[in-house]
Amino acid sequence: MKIVIDAMGGDNAPQSVVEGAMLAIKSIANLEITLVGDQDKIKPFLTNEEGISILHTTEVITGDDEPVKAVRKKRNASLVLMANEVKEGRADACLSAGNTGALMSAGLFQVGRIKGIERPALSPTLPTLDGKGFVFLDVGANVDAKPKQLLQYGIMGSIYSEKVRGINKPRVGLLNVGTEEGKGNELAKQAYDLLKAAPIHFIGNVESRDILSGVADVVVTDGFSGNVALKTIEGTAEMMFSLLKDTFMSSLKTKLAAGILKKDLKQLKNKLDYAEYGGAGLFGLAAPVIKAHGSSNGRAIFSAIQQTSYMVENEVTKIIENTIHEMNKED
């Protein structure tokens with residue numbers, strides 16, 4: 001299995017990417033990794049080159065670049081060369097912690113969509129109270145979704161949850177303003193009917209206040225609503241820890257309490273960090289394309305590589321393609 005990684009993408013690149021790659025080589029059998037980026041910046045962190053090669057380039061797409069324009073003009077950028085390795089069949093999957101829009105553009109232009117999939121979905125796995133997490137799609141790849149596209153998201157999320165996350169009969173919910181059938185706008189109503197008839201375990205509408213409690217294994221919505229919900233969750237978590245920090249630092253007594261609870265607080269923070277669950281998959285592309293969190297450390301990059309390898313091993317892309325093909329035949 002060959003995975004190619006944009007070594008220059010992310011806030012902590014290339015160090016975190018190299019560290020994550022070395023952890024993955026030690027832990028995952030029959031894995032080969034190609035790091036794409038500036039070899040002079042990569043090599044100081046590469047203490048074990050076994051199973052790891054470098055595709056050298058000094059060009060980089062930054063967070064300030066306009067995604068589509070950058071992918072078309074910066075043809076030797078690490079992210080673009082990474083996607084090209086998959087397109088040319090030299091790698092089975094790719095991973096980047098860099099510019100999300102550029103990764104989506106490179107995925108569409110170079111890797112391409114699965115036949116029958118109308119639009120890909122950006123799909124992170126978010127934490128839940130029970131520690132199992134849920135797949136949330138879409139969180140920004142397609143802000144103007146159609147009912148059929150939400151149906152496809154439900155199918156892709158269900159297949160991924162079963163094959164990669166090991167969940168038997170994943171529960172698929174549709175994000176809505178109420179749980180009753182018939183709630184929501186026209187998109188939600190039409191998507192509900194399609195999901196209800198699909199070959200998945202559809203449990204109906206779910207409300208945003210319940211998704212972190214583990215009400216569903218897969219939550220489906222359009223990219224606009226999904227991105228708003230994701231950013232709200234992120235902002236709430238950051239605010240909560242900021243308030244906790246202020247409280248614990250307010251007096252000598254609370255500082256002593258913080259010292260005693262330091263380990264527990266760190267565990268709580270890790271539980272709420274969705275980077276620990278891997279990256280966000282761009283589901284619907286012709287090969288696994290994973291977006292790791294921009295602030296990923298080495299451990300988070302390792303989790304994303306592990307997630308990518310599971311997708312390759314379990315032929316998730318092929319299963320999605322076959323399922324969509326069979327459904328389209330029935331239509």
# chains A, B, ... in the order shown; residues from 1 in each chain; ligands from 1

$ closest_atom_pairs --of "segment 117-220 of chain A" --to "segment 76-100 of chain A" --cutoff "10 Å" --atoms "only C-alpha atoms" --output "Markdown table"
| residue | atom | partner | partner_atom | distance |
| --- | --- | --- | --- | --- |
| A:Leu122 | CA | A:Thr100 | CA | 9.4 |
| A:Gly140 | CA | A:Thr100 | CA | 9.5 |
| A:Ala141 | CA | A:Thr100 | CA | 9.2 |

$ residues_around --residues "segment 278-294 of chain A" --least-positions-apart "2" --cutoff "7 Å" --atoms "only C-alpha atoms" --output "JSON, numbers by chain"
{"A": [10, 11, 92, 93, 94, 95, 96, 97, 98, 100, 107, 111, 112, 113, 114, 117, 119, 120, 121, 122, 123, 124, 125, 156, 275, 276, 296, 300, 301, 303, 304, 307, 308, 311, 317]}

$ write_last_selection --atoms "N, CA and C atoms" --output "mmCIF file, in the first residue's frame"
data_model
loop_
_atom_site.group_PDB
_atom_site.id
_atom_site.type_symbol
_atom_site.label_atom_id
_atom_site.label_comp_id
_atom_site.auth_asym_id
_atom_site.auth_seq_id
_atom_site.Cartn_x
_atom_site.Cartn_y
_atom_site.Cartn_z
ATOM 1 N N GLY A 10 -0.005 22.429 6.546
ATOM 2 C CA GLY A 10 -0.330 22.451 7.967
ATOM 3 C C GLY A 10 0.530 23.423 8.752
ATOM 4 N N ASP A 11 0.049 23.793 9.927
ATOM 5 C CA ASP A 11 0.735 24.774 10.768
ATOM 6 C C ASP A 11 2.084 24.279 11.276
ATOM 7 N N ASP A 92 -1.921 4.905 -3.756
ATOM 8 C CA ASP A 92 -3.308 4.458 -3.577
ATOM 9 C C ASP A 92 -4.193 5.520 -2.938
ATOM 10 N N ALA A 93 -3.587 6.474 -2.236
ATOM 11 C CA ALA A 93 -4.357 7.482 -1.509
ATOM 12 C C ALA A 93 -3.441 8.642 -1.156
ATOM 13 N N CYS A 94 -4.045 9.784 -0.764
ATOM 14 C CA CYS A 94 -3.235 10.950 -0.399
ATOM 15 C C CYS A 94 -3.813 11.674 0.808
ATOM 16 N N LEU A 95 -2.955 12.482 1.420
ATOM 17 C CA LEU A 95 -3.273 13.137 2.687
ATOM 18 C C LEU A 95 -2.575 14.484 2.770
ATOM 19 N N SER A 96 -3.315 15.505 3.225
ATOM 20 C CA SER A 96 -2.714 16.824 3.415
ATOM 21 C C SER A 96 -3.370 17.534 4.589
ATOM 22 N N ALA A 97 -2.571 18.319 5.323
ATOM 23 C CA ALA A 97 -3.093 19.182 6.377
ATOM 24 C C ALA A 97 -3.103 20.634 5.914
ATOM 25 N N GLY A 98 -2.942 20.829 4.615
ATOM 26 C CA GLY A 98 -2.840 22.178 4.062
ATOM 27 C C GLY A 98 -4.171 22.810 3.710
ATOM 28 N N THR A 100 -7.582 23.656 2.640
ATOM 29 C CA THR A 100 -8.722 22.761 2.405
ATOM 30 C C THR A 100 -9.317 22.941 1.017
ATOM 31 N N GLY A 107 -8.383 17.382 -5.633
ATOM 32 C CA GLY A 107 -9.091 16.113 -5.624
ATOM 33 C C GLY A 107 -10.049 15.995 -6.799
ATOM 34 N N VAL A 111 -7.693 13.736 -9.067
ATOM 35 C CA VAL A 111 -8.134 12.397 -8.646
ATOM 36 C C VAL A 111 -9.469 12.047 -9.299
ATOM 37 N N GLY A 112 -10.382 13.016 -9.368
ATOM 38 C CA GLY A 112 -11.671 12.810 -10.019
ATOM 39 C C GLY A 112 -12.706 12.167 -9.112
ATOM 40 N N ARG A 113 -13.973 12.251 -9.529
ATOM 41 C CA ARG A 113 -15.068 11.696 -8.754
ATOM 42 C C ARG A 113 -15.317 10.237 -9.097
ATOM 43 N N ILE A 114 -15.931 9.528 -8.149
ATOM 44 C CA ILE A 114 -16.462 8.199 -8.427
ATOM 45 C C ILE A 114 -17.597 8.359 -9.432
ATOM 46 N N ILE A 117 -21.319 9.679 -8.539
ATOM 47 C CA ILE A 117 -21.362 10.619 -7.416
ATOM 48 C C ILE A 117 -21.414 12.042 -7.968
ATOM 49 N N ARG A 119 -21.497 15.119 -6.187
ATOM 50 C CA ARG A 119 -20.585 16.042 -5.508
ATOM 51 C C ARG A 119 -19.940 15.328 -4.329
ATOM 52 N N PRO A 120 -18.643 15.532 -4.114
ATOM 53 C CA PRO A 120 -18.000 14.927 -2.936
ATOM 54 C C PRO A 120 -18.407 15.651 -1.658
ATOM 55 N N ALA A 121 -18.176 15.002 -0.525
ATOM 56 C CA ALA A 121 -18.488 15.591 0.776
ATOM 57 C C ALA A 121 -17.247 15.596 1.655
ATOM 58 N N LEU A 122 -17.039 16.691 2.372
ATOM 59 C CA LEU A 122 -15.943 16.786 3.333
ATOM 60 C C LEU A 122 -16.474 16.281 4.674
ATOM 61 N N SER A 123 -15.843 15.237 5.210
ATOM 62 C CA SER A 123 -16.482 14.471 6.286
ATOM 63 C C SER A 123 -15.542 14.141 7.438
ATOM 64 N N PRO A 124 -15.511 14.971 8.467
ATOM 65 C CA PRO A 124 -14.724 14.635 9.664
ATOM 66 C C PRO A 124 -15.490 13.679 10.570
ATOM 67 N N THR A 125 -14.773 13.046 11.475
ATOM 68 C CA THR A 125 -15.403 12.268 12.536
ATOM 69 C C THR A 125 -15.303 13.094 13.812
ATOM 70 N N MET A 156 -22.480 6.967 1.526
ATOM 71 C CA MET A 156 -21.023 6.975 1.694
ATOM 72 C C MET A 156 -20.628 6.946 3.162
ATOM 73 N N ALA A 275 -9.329 15.896 15.854
ATOM 74 C CA ALA A 275 -8.130 15.472 15.126
ATOM 75 C C ALA A 275 -7.652 14.106 15.598
ATOM 76 N N GLU A 276 -8.011 13.739 16.845
ATOM 77 C CA GLU A 276 -7.628 12.434 17.371
ATOM 78 C C GLU A 276 -8.340 11.295 16.653
ATOM 79 N N SER A 296 -2.565 19.885 13.183
ATOM 80 C CA SER A 296 -2.207 18.516 13.568
ATOM 81 C C SER A 296 -0.770 18.403 14.055
ATOM 82 N N ALA A 300 -1.669 13.237 15.504
ATOM 83 C CA ALA A 300 -2.866 13.430 14.691
ATOM 84 C C ALA A 300 -2.607 13.038 13.236
ATOM 85 N N ILE A 301 -1.404 13.331 12.734
ATOM 86 C CA ILE A 301 -1.048 12.910 11.374
ATOM 87 C C ILE A 301 -1.028 11.383 11.293
ATOM 88 N N SER A 303 -2.827 9.345 13.090
ATOM 89 C CA SER A 303 -4.230 8.912 13.085
ATOM 90 C C SER A 303 -4.841 9.049 11.703
ATOM 91 N N ALA A 304 -4.512 10.137 11.018
ATOM 92 C CA ALA A 304 -5.035 10.364 9.668
ATOM 93 C C ALA A 304 -4.466 9.346 8.672
ATOM 94 N N GLN A 307 -6.250 6.090 9.305
ATOM 95 C CA GLN A 307 -7.572 6.174 8.706
ATOM 96 C C GLN A 307 -7.496 5.954 7.193
ATOM 97 N N THR A 308 -6.523 6.575 6.544
ATOM 98 C CA THR A 308 -6.345 6.437 5.100
ATOM 99 C C THR A 308 -6.048 4.992 4.723
ATOM 100 N N MET A 311 -9.096 2.839 4.743
ATOM 101 C CA MET A 311 -9.935 3.059 3.563
ATOM 102 C C MET A 311 -9.407 2.287 2.353
ATOM 103 N N THR A 317 -13.713 2.992 -1.482
ATOM 104 C CA THR A 317 -14.061 3.670 -2.730
ATOM 105 C C THR A 317 -14.779 2.727 -3.690
#

$ select_by_dssp --residues "segment 82-310 of chain A" --states "alpha helix (DSSP H)" --output "ChimeraX atom specification"
/A:82-87,100-106,147-163,186-197,223-248,252-272,298-310

$ closest_residue --among "A:Leu230, A:Leu126, A:Ala102, A:Ile3" --to "Pro67 of chain A" --atoms "only C-alpha atoms"
A:Ala102

$ closest_residue --among "A:Val316, A:Ala106, A:Ile25, A:Val60" --to "Arg72 of chain A" --atoms "only C-alpha atoms"
A:Ala106

$ closest_residue --among "A:Ser208, A:Ser161, A:Asp40, A:Val71" --to "Thr57 of chain A" --atoms "only C-alpha atoms"
A:Asp40

$ closest_residue --among "A:Gly223, A:Gly116, A:Gly9, A:Gly51" --to "Asn322 of chain A" --atoms "only C-alpha atoms"
A:Gly116

$ atom_distance --atom1 "atom CA of Lys231 of chain A" --atom2 "atom CA of Glu207 of chain A"
16.2 Å

$ select_by_dssp --residues "segment 270-326 of chain A" --states "strand (DSSP E or B)" --output "list in words"
Ala280, Gly281, Leu282, Phe283, Leu285, Val289, Ile290 and Lys291 of chain A

$ write_last_selection --atoms "N, CA and C atoms" --output "tab-separated table (two decimals), in the first residue's frame"
chain	number	residue	atom	x	y	z
A	280	ALA	N	-10.49	14.52	7.90
A	280	ALA	CA	-11.78	14.60	7.23
A	280	ALA	C	-11.64	14.01	5.84
A	281	GLY	N	-12.43	12.99	5.55
A	281	GLY	CA	-12.35	12.36	4.24
A	281	GLY	C	-13.12	13.16	3.21
A	282	LEU	N	-12.55	13.25	1.99
A	282	LEU	CA	-13.30	13.81	0.87
A	282	LEU	C	-13.99	12.64	0.18
A	283	PHE	N	-15.14	12.27	0.72
A	283	PHE	CA	-15.86	11.10	0.22
A	283	PHE	C	-16.48	11.40	-1.14
A	285	LEU	N	-14.63	10.79	-4.06
A	285	LEU	CA	-13.54	10.84	-5.04
A	285	LEU	C	-13.08	9.43	-5.40
A	289	VAL	N	-8.90	10.52	-0.33
A	289	VAL	CA	-8.23	11.81	-0.16
A	289	VAL	C	-8.63	12.32	1.23
A	290	ILE	N	-7.64	12.51	2.09
A	290	ILE	CA	-7.91	12.86	3.49
A	290	ILE	C	-7.34	14.24	3.82
A	291	LYS	N	-8.16	15.05	4.47
A	291	LYS	CA	-7.73	16.37	4.95
A	291	LYS	C	-7.49	16.30	6.45

$ closest_residue --among "A:Glu315, A:Ile200, A:Ile42, A:Gln110" --to "Asn12 of chain A" --atoms "only C-alpha atoms"
A:Ile42

$ closest_residue --among "A:Ala145, A:Val312, A:Ile33, A:Val135" --to "Glu186 of chain A" --atoms "only C-alpha atoms"
A:Ala145
